[in-house]
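Down below is the structure, laid out as structure tokens.
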Amino acid sequence: MHGHADGAIRLAHRDSWAGPGAASAASREEREAAEDAALSPLATRSVGAGSRAQEEEPDPFRLCFERDRDRILHSPAFRRLAGKTQVFVFPDDHQRTRLTHALEVAQVAGSVARVLGLNVALTEAIALGHDCGHGPGGHASEDALSPFVDGGYDHATWGADVTLEPLNLCAETLDGIRNHSWSRPAPATPEGEVVSWADRIAYVCHDFEDAVAAGIVRPDELPPEVRVHCGTTRASQLRAFITAMIDASASTGRIGMTTRVADALAGFRQFNYERVYMRDSSVAQANSVIDLLRALVEAYAAQPSLLPPGRDGQEPGSAGAFRRAVAYVGGMTDRFACRQGEALLGWTRERLPRGIDVW
């Protein structure tokens, strides 16, 4: 099928009729002006090509943060999130991965940003990119890779400064990614603050839902304050947390959450830690991931010729070789890391991390 000719253009369908209603298209400058008029006073404005480490020409139509969002969506680092652990190694068809987590964070953050008059494109770019620095096997990868990185391996800073560095993203996008974790300094934009909350809201709710589906916990086991203020389903919980963020901003002009619901979120998160993340099988899984990733880094650093080409780190065992090894191993999906454990290290499947039920 080549479409259907209609004068100077082709149409997808024989009976196509749709159009914008006028033979015109808004330029980037016109869209920037419309955005400026529509956003809240402290929202982040799109300006030209954006503030980037390497200067670029502005896009004729897209705003700078829209370009960031698109670059992240099309990046290999984002695609690989589909094969990285959220809670369960080798998730089944309905359990979350790092990729689906990022999408849910973007949905929660966008829901808040639209109502508050913030820059939705920037919000979504930060949300989609916030976990691109995660290694295989979930947060255990940070413990595994930290001994090889000065100051430790933090997925937030590594994602912004190493993994996504080739994309030449705007400074505001990188700041939001670098500082989305609550242990980091506050983000420089209100959009980054929204993503910090949305990340926690999304993973607390969907990790619990996955754990219920896996038979690890039951909804009626949630603490009473969580059930009272947030309910026992993902839909009611997300609604409660998003509404509490909007109410907090409406009453104070700050990005946060009303106190009672925020306390319920903290109790909910603590419940997940005690009953899901720190259960015996989770700890054993994490220890297995740590053993595997550290062994892979050491093996690749000793044989840097096996690594993708790089300008430094050619000398076996050098600091450069270890950094390249960390970057390579940190970028792996769960399954690829396990396959390399078999192929490079000679480990048996019984020694490798296992999923909730099967290899």
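We name chains A, B, ... following the order of the structure tokens; residues begin at 1 in each chain, and ligands are numbered from 1 as shown.
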### Query
Near A:Ala319, within 9 Å and counting only C-alpha atoms, which residues show up once chain neighbours fewer than 4 positions away are dropped, as a ChimeraX atom specification?
/A:148,301,313,315,323-324
Kindly export the residues of the current selection with C-alpha atoms, as an mmCIF file, in the first residue's frame.
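Ended up saving to result_17.cif:
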```cif
data_model
loop_
_atom_site.group_PDB
_atom_site.id
_atom_site.type_symbol
_atom_site.label_atom_id
_atom_site.label_comp_id
_atom_site.auth_asym_id
_atom_site.auth_seq_id
_atom_site.Cartn_x
_atom_site.Cartn_y
_atom_site.Cartn_z
ATOM 1 C CA PHE A 148 34.820 0.282 41.713
ATOM 2 C CA ALA A 301 38.796 -5.029 33.751
ATOM 3 C CA GLY A 313 41.437 1.931 29.867
ATOM 4 C CA GLU A 315 45.758 -1.476 30.135
ATOM 5 C CA ARG A 323 35.543 2.407 34.727
ATOM 6 C CA ARG A 324 34.845 1.030 31.267
#
```
### Task
Please provide as a ChimeraX atom specification all residues within 8 Å of stretch 255-269 of chain A, with the sequence filter that same-chain residues fewer than 6 positions apart are discarded (counting only C-alpha atoms).
/A:190,193-194,197,201,204,222-223,225-226,229-230,240-241,244-249
So which residues touch stretch 58-70 of chain A within 9 Å, counting only C-alpha atoms, skipping near sequence neighbours fewer than 6 positions away, as a compact mmCIF listing (two decimals) with N, CA and C atoms, in the first residue's frame?
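Saved the output as around23.txt:
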```
# COMPACT_ATOMS: atom_id res chain seq x y z
N ALA A 25 1.17 25.81 10.34
CA ALA A 25 1.85 25.07 11.41
C ALA A 25 2.57 26.08 12.28
N ALA A 26 2.46 25.90 13.60
CA ALA A 26 3.09 26.83 14.52
C ALA A 26 4.59 26.61 14.55
N SER A 27 5.35 27.68 14.48
CA SER A 27 6.80 27.59 14.58
C SER A 27 7.20 27.35 16.02
N ARG A 28 8.45 26.98 16.24
CA ARG A 28 8.94 26.81 17.60
C ARG A 28 8.80 28.11 18.39
N GLU A 29 9.14 29.24 17.79
CA GLU A 29 9.04 30.51 18.49
C GLU A 29 7.60 30.80 18.92
N ARG A 31 5.29 28.56 19.47
CA ARG A 31 4.95 27.60 20.52
C ARG A 31 5.59 27.99 21.85
N GLU A 32 6.81 28.52 21.81
CA GLU A 32 7.45 29.00 23.04
C GLU A 32 6.65 30.14 23.66
N SER A 46 10.79 26.82 28.00
CA SER A 46 11.63 26.33 26.90
C SER A 46 12.19 27.52 26.15
N VAL A 47 13.51 27.52 25.92
CA VAL A 47 14.15 28.64 25.24
C VAL A 47 15.11 28.09 24.18
N GLY A 48 14.79 28.33 22.93
CA GLY A 48 15.68 27.96 21.83
C GLY A 48 16.09 26.50 21.86
N ALA A 49 17.37 26.26 21.68
CA ALA A 49 17.89 24.90 21.69
C ALA A 49 18.08 24.37 23.09
N GLY A 50 17.94 25.23 24.10
CA GLY A 50 18.15 24.81 25.48
C GLY A 50 19.60 24.95 25.91
N SER A 51 19.82 24.85 27.20
CA SER A 51 21.18 24.96 27.75
C SER A 51 21.82 23.58 27.73
N ASN A 119 5.96 22.61 33.25
CA ASN A 119 6.39 22.20 31.92
C ASN A 119 6.29 20.68 31.82
N VAL A 120 5.29 20.21 31.11
CA VAL A 120 5.03 18.77 31.05
C VAL A 120 6.13 18.05 30.27
N ALA A 121 6.64 18.63 29.21
CA ALA A 121 7.69 17.97 28.43
C ALA A 121 8.94 17.77 29.27
N LEU A 122 9.34 18.77 30.04
CA LEU A 122 10.49 18.62 30.93
C LEU A 122 10.21 17.57 31.99
N THR A 123 9.03 17.61 32.57
CA THR A 123 8.65 16.63 33.58
C THR A 123 8.75 15.22 33.04
N GLU A 124 8.22 14.99 31.86
CA GLU A 124 8.25 13.66 31.26
C GLU A 124 9.67 13.24 30.90
N ALA A 125 10.49 14.17 30.42
CA ALA A 125 11.87 13.84 30.08
C ALA A 125 12.63 13.37 31.32
N ILE A 126 12.48 14.09 32.42
CA ILE A 126 13.14 13.69 33.66
C ILE A 126 12.64 12.32 34.11
N LEU A 128 11.21 9.85 32.39
CA LEU A 128 11.60 8.74 31.53
C LEU A 128 13.08 8.41 31.67
N GLY A 129 13.91 9.41 31.96
CA GLY A 129 15.34 9.18 32.06
C GLY A 129 15.86 8.90 33.45
N LEU A 167 23.68 11.95 24.86
CA LEU A 167 22.47 12.55 24.29
C LEU A 167 22.50 14.08 24.32
N ASN A 168 23.45 14.67 25.03
CA ASN A 168 23.58 16.13 25.08
C ASN A 168 22.25 16.78 25.52
N LEU A 169 21.73 16.31 26.63
CA LEU A 169 20.45 16.79 27.13
C LEU A 169 20.60 18.17 27.77
N CYS A 170 19.47 18.84 27.94
CA CYS A 170 19.46 20.15 28.58
C CYS A 170 19.88 20.04 30.04
N GLU A 172 18.61 21.36 32.66
CA GLU A 172 17.48 21.17 33.58
C GLU A 172 17.04 19.71 33.60
N THR A 173 17.08 19.05 32.46
CA THR A 173 16.72 17.63 32.40
C THR A 173 17.73 16.79 33.18
```
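Nearest-residue note for A:Asp207: choosing from A:Ala295, A:Val87, A:Val329, A:Leu345, the minimum distance belongs to A:Val87, counting only C-alpha atoms.
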### Message
I need the residues in stretch 186-276 of chain A that are helix (DSSP H, G or I) according to DSSP; give them as a PyMOL selection string.
### Response
chain A and resi 190-213+219-221+224-230+234-252+259-276
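Pairwise distance (atom CA of A:Gly192, atom CA of A:Arg45) equals 13.5 Å.
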### Query
Restricting the calculation to only C-alpha atoms, which member of A:Pro316, A:Gly117, A:Pro76, A:Gly151 is positioned closest to A:Pro166?
A:Pro76
### Message
Show me, as JSON, numbers by chain, the residues that have an atom within 8 Å of A:Ala106 when counting only C-alpha atoms, minus same-chain residues fewer than 3 positions from it.
### Response
{"A": [102, 103, 109, 110, 123, 124, 127, 128, 195, 198]}
### Between atom CA of A:Ser111 and atom CA of A:Asn179 - distance in Å to one decimal
20.4 Å
